[in-house]
Amino acid sequence: DTEVTQTPKHLVMGMTNKKSLKCEQHMGHRAMYWYKQKAKKPPELMFVYSYEKLSINESVPSRFSPECPNSSLLNLHLHALQPEDSALYLCASSQDMWTTSGSGNEQFFGPGTRLTVL
Amino acid sequence: AQRVTQPEKLLSVFKGAPVELKCNYSYSGSPELFWYVQYSRQRLQLLLRHISRESIKGFTADLNKGETSFHLKKPFAQEEDSAMYYCALNSSASKIIFGSGTRLSIRP
């Protein structure tokens, strides 16, 4: 399996709701990423997990809470979001975040979850 | 500051014409540069990287350190090349910095 999968494809939630986005890969990758992509903009890095530990948090508000239960799964828990948080949320994985050359740091992207906050 | 600049938001060329998507970067050190492509309704995917020096789908990109550029080129555009193209820089520890993207539209 050489794909990153994400569920759900679409999510609509209110500002008081709690929801979670899920990401899964079975390529044996040890680095996993969350990106946020607004319409007509490039992806912006939110979090990086390396070997199931949070390595990078790009000053993301605490209403976004990542979790990496095992090396294949990555979750993003959402609570008390704002309408401006509506975006496409992309998950990606790579073999290893510390490889500086070769294919080890190629990131494979999932199809994304389109989130709408009402 | 680490930055990737794609000056063209939209590039429209006729089928069979040459294509060049511009990318300039700012990075202190040895950069690792990529081109990612996002076709309509498909996921973002790696097109090519400067390290491998390969040609993918007829596209090539050469790293020019003197001009700090990594332009993407194809001699003869095809309709299926229509997509959003992002130039990206691997800054450190796999933190990818994306350019703002260029939408390539191939006219029949």
# chains A, B, ... in the order shown; residues from 1 in each chain; ligands from 1
>>> residues_around(residues="region 67-75 of chain A", least_positions_apart="2", cutoff="6 Å", atoms="only C-alpha atoms", output="short mmCIF file (atom, residue, chain, number, x, y, z; two decimals) with N, CA and C atoms, in the first residue's frame")
data_model
loop_
_atom_site.label_atom_id
_atom_site.label_comp_id
_atom_site.auth_asym_id
_atom_site.auth_seq_id
_atom_site.Cartn_x
_atom_site.Cartn_y
_atom_site.Cartn_z
N LEU A 21 -10.03 14.41 12.75
CA LEU A 21 -9.60 14.00 11.41
C LEU A 21 -8.62 12.85 11.57
N LYS A 22 -8.71 11.91 10.64
CA LYS A 22 -7.82 10.75 10.73
C LYS A 22 -6.98 10.61 9.48
N CYS A 23 -5.78 10.10 9.70
CA CYS A 23 -4.83 9.89 8.61
C CYS A 23 -4.14 8.55 8.84
N GLU A 24 -3.93 7.80 7.77
CA GLU A 24 -3.32 6.49 7.92
C GLU A 24 -2.37 6.22 6.76
N GLN A 25 -1.24 5.59 7.07
CA GLN A 25 -0.31 5.15 6.03
C GLN A 25 0.30 3.83 6.45
N HIS A 26 0.55 2.97 5.46
CA HIS A 26 1.14 1.66 5.73
C HIS A 26 2.40 1.47 4.90
N GLU A 52 6.49 8.87 16.26
CA GLU A 52 5.32 9.03 17.14
C GLU A 52 5.46 10.11 18.20
#
>>> residues_around(residues="Thr68 (chain B)", least_positions_apart="3", cutoff="6 Å", atoms="only C-alpha atoms", output="NGL selection string")
:B and (24-25 or 64-65)
>>> write_last_selection(atoms="N, CA and C atoms", output="JSON list (two decimals), in the first residue's frame")
[["chain", "number", "residue", "atom", "x", "y", "z"],
["B", 24, "ASN", "N", 12.04, 31.12, -7.81],
["B", 24, "ASN", "CA", 13.25, 31.64, -7.19],
["B", 24, "ASN", "C", 13.18, 31.37, -5.69],
["B", 25, "TYR", "N", 14.33, 31.17, -5.10],
["B", 25, "TYR", "CA", 14.34, 30.83, -3.68],
["B", 25, "TYR", "C", 15.35, 31.69, -2.94],
["B", 64, "ASN", "N", 19.90, 26.53, -10.38],
["B", 64, "ASN", "CA", 20.90, 27.54, -10.71],
["B", 64, "ASN", "C", 21.21, 28.31, -9.43],
["B", 65, "LYS", "N", 22.31, 27.94, -8.80],
["B", 65, "LYS", "CA", 22.63, 28.56, -7.51],
["B", 65, "LYS", "C", 23.00, 30.04, -7.67]]
>>> interface_residues(of="chain A", to="chain B", cutoff="12 Å", atoms="only C-alpha atoms", output="ChimeraX atom specification")
/A:3-6,31-35,37-50,55-58,88-113
>>> select_by_dssp(residues="region 1-116 of chain A", states="strand (DSSP E or B)", output="MDAnalysis selection string")
chainID A and resid 4:7 10:13 18:25 31:37 44:50 53:57 64:70 73:79 87:94 108:109 113:116
>>> atom_distance(atom1="CA of Ala17 (chain B)", atom2="CA of Gly66 (chain B)")
27.5 Å
>>> residues_around(residues="Val19 (chain B)", least_positions_apart="5", cutoff="12 Å", atoms="only C-alpha atoms", output="list in words")
Leu11, Ser12, Val13, Phe14, Gly58, Phe59, Thr60, Ala61, His71, Leu72, Lys73, Lys74, Pro75, Phe76, Ala77, Gln78, Glu79, Asp81, Ser82, Thr102, Leu104, Ser105 and Ile106 of chain B
>>> closest_residue(among="A:Thr116, A:Ser65, A:Gln82, A:Ser59", to="Ser20 (chain A)", atoms="only C-alpha atoms")
A:Ser65
>>> closest_residue(among="A:His79, A:Thr2, A:Ser62, A:Met15", to="Met27 (chain A)", atoms="only C-alpha atoms")
A:Thr2
>>> residues_around(residues="Leu115 (chain A)", least_positions_apart="6", cutoff="8 Å", atoms="only C-alpha atoms", output="NGL selection string")
:A and (10-13 or 85-89)
>>> atom_distance(atom1="CA of Ala1 (chain B)", atom2="CA of Leu89 (chain B)")
12.2 Å
>>> atom_distance(atom1="CA of Ser26 (chain B)", atom2="CA of Lys57 (chain B)")
27.2 Å
>>> closest_residue(among="B:Cys23, B:Leu33, B:Leu10, B:Val4", to="Arg53 (chain B)", atoms="only C-alpha atoms")
B:Leu33
>>> decode(residues="region 42-71 of chain B", atoms="N, CA and C atoms", output="mmCIF file, in the first residue's frame")
data_model
loop_
_atom_site.group_PDB
_atom_site.id
_atom_site.type_symbol
_atom_site.label_atom_id
_atom_site.label_comp_id
_atom_site.auth_asym_id
_atom_site.auth_seq_id
_atom_site.Cartn_x
_atom_site.Cartn_y
_atom_site.Cartn_z
ATOM 1 N N GLN B 42 -7.199 15.790 -7.637
ATOM 2 C CA GLN B 42 -6.232 14.770 -7.232
ATOM 3 C C GLN B 42 -5.361 15.325 -6.103
ATOM 4 N N ARG B 43 -4.666 14.435 -5.451
ATOM 5 C CA ARG B 43 -3.832 14.854 -4.331
ATOM 6 C C ARG B 43 -2.543 15.506 -4.812
ATOM 7 N N LEU B 44 -1.968 16.268 -3.927
ATOM 8 C CA LEU B 44 -0.668 16.882 -4.186
ATOM 9 C C LEU B 44 0.380 15.772 -4.316
ATOM 10 N N GLN B 45 1.193 15.853 -5.328
ATOM 11 C CA GLN B 45 2.197 14.804 -5.522
ATOM 12 C C GLN B 45 3.503 15.404 -6.010
ATOM 13 N N LEU B 46 4.572 14.718 -5.655
ATOM 14 C CA LEU B 46 5.893 15.167 -6.071
ATOM 15 C C LEU B 46 6.069 14.954 -7.566
ATOM 16 N N LEU B 47 6.528 15.972 -8.268
ATOM 17 C CA LEU B 47 6.801 15.850 -9.701
ATOM 18 C C LEU B 47 8.275 15.511 -9.898
ATOM 19 N N LEU B 48 9.143 16.367 -9.372
ATOM 20 C CA LEU B 48 10.561 16.046 -9.444
ATOM 21 C C LEU B 48 11.339 16.839 -8.394
ATOM 22 N N ARG B 49 12.569 16.406 -8.200
ATOM 23 C CA ARG B 49 13.446 17.052 -7.216
ATOM 24 C C ARG B 49 14.782 17.333 -7.886
ATOM 25 N N HIS B 50 15.473 18.338 -7.424
ATOM 26 C CA HIS B 50 16.697 18.750 -8.119
ATOM 27 C C HIS B 50 17.795 17.708 -7.940
ATOM 28 N N ILE B 51 17.764 16.974 -6.838
ATOM 29 C CA ILE B 51 18.832 16.013 -6.574
ATOM 30 C C ILE B 51 18.864 14.907 -7.632
ATOM 31 N N SER B 52 17.695 14.465 -8.054
ATOM 32 C CA SER B 52 17.659 13.309 -8.935
ATOM 33 C C SER B 52 17.955 13.666 -10.382
ATOM 34 N N ARG B 53 17.829 14.941 -10.727
ATOM 35 C CA ARG B 53 18.160 15.384 -12.095
ATOM 36 C C ARG B 53 17.440 14.552 -13.153
ATOM 37 N N GLU B 54 16.206 14.247 -12.914
ATOM 38 C CA GLU B 54 15.476 13.392 -13.848
ATOM 39 C C GLU B 54 14.458 14.209 -14.630
ATOM 40 N N SER B 55 13.917 13.578 -15.656
ATOM 41 C CA SER B 55 12.837 14.187 -16.428
ATOM 42 C C SER B 55 11.579 13.372 -16.158
ATOM 43 N N ILE B 56 10.548 14.036 -15.681
ATOM 44 C CA ILE B 56 9.291 13.365 -15.384
ATOM 45 C C ILE B 56 8.196 13.978 -16.236
ATOM 46 N N LYS B 57 7.504 13.143 -16.978
ATOM 47 C CA LYS B 57 6.419 13.598 -17.862
ATOM 48 C C LYS B 57 6.924 14.698 -18.809
ATOM 49 N N GLY B 58 8.187 14.633 -19.164
ATOM 50 C CA GLY B 58 8.764 15.604 -20.080
ATOM 51 C C GLY B 58 9.245 16.880 -19.419
ATOM 52 N N PHE B 59 9.025 17.002 -18.103
ATOM 53 C CA PHE B 59 9.444 18.185 -17.373
ATOM 54 C C PHE B 59 10.861 18.008 -16.839
ATOM 55 N N THR B 60 11.618 19.102 -16.850
ATOM 56 C CA THR B 60 12.928 19.137 -16.220
ATOM 57 C C THR B 60 13.051 20.432 -15.432
ATOM 58 N N ALA B 61 13.954 20.420 -14.479
ATOM 59 C CA ALA B 61 14.226 21.633 -13.705
ATOM 60 C C ALA B 61 15.684 21.605 -13.294
ATOM 61 N N ASP B 62 16.368 22.674 -13.538
ATOM 62 C CA ASP B 62 17.788 22.763 -13.182
ATOM 63 C C ASP B 62 17.974 23.788 -12.083
ATOM 64 N N LEU B 63 18.731 23.390 -11.077
ATOM 65 C CA LEU B 63 19.034 24.308 -9.994
ATOM 66 C C LEU B 63 20.152 25.242 -10.428
ATOM 67 N N ASN B 64 19.904 26.531 -10.381
ATOM 68 C CA ASN B 64 20.903 27.537 -10.708
ATOM 69 C C ASN B 64 21.208 28.314 -9.432
ATOM 70 N N LYS B 65 22.313 27.939 -8.797
ATOM 71 C CA LYS B 65 22.628 28.563 -7.510
ATOM 72 C C LYS B 65 22.999 30.037 -7.672
ATOM 73 N N GLY B 66 23.608 30.371 -8.809
ATOM 74 C CA GLY B 66 23.994 31.761 -9.030
ATOM 75 C C GLY B 66 22.783 32.688 -9.113
ATOM 76 N N GLU B 67 21.737 32.201 -9.758
ATOM 77 C CA GLU B 67 20.515 33.000 -9.906
ATOM 78 C C GLU B 67 19.468 32.608 -8.863
ATOM 79 N N THR B 68 19.817 31.691 -7.994
ATOM 80 C CA THR B 68 18.880 31.130 -6.987
ATOM 81 C C THR B 68 17.531 30.831 -7.627
ATOM 82 N N SER B 69 17.595 30.033 -8.687
ATOM 83 C CA SER B 69 16.363 29.695 -9.398
ATOM 84 C C SER B 69 16.259 28.187 -9.605
ATOM 85 N N PHE B 70 15.040 27.757 -9.825
ATOM 86 C CA PHE B 70 14.752 26.335 -10.073
ATOM 87 C C PHE B 70 13.530 26.295 -10.979
ATOM 88 N N HIS B 71 13.690 26.800 -12.170
ATOM 89 C CA HIS B 71 12.572 26.911 -13.102
ATOM 90 C C HIS B 71 12.205 25.551 -13.681
#
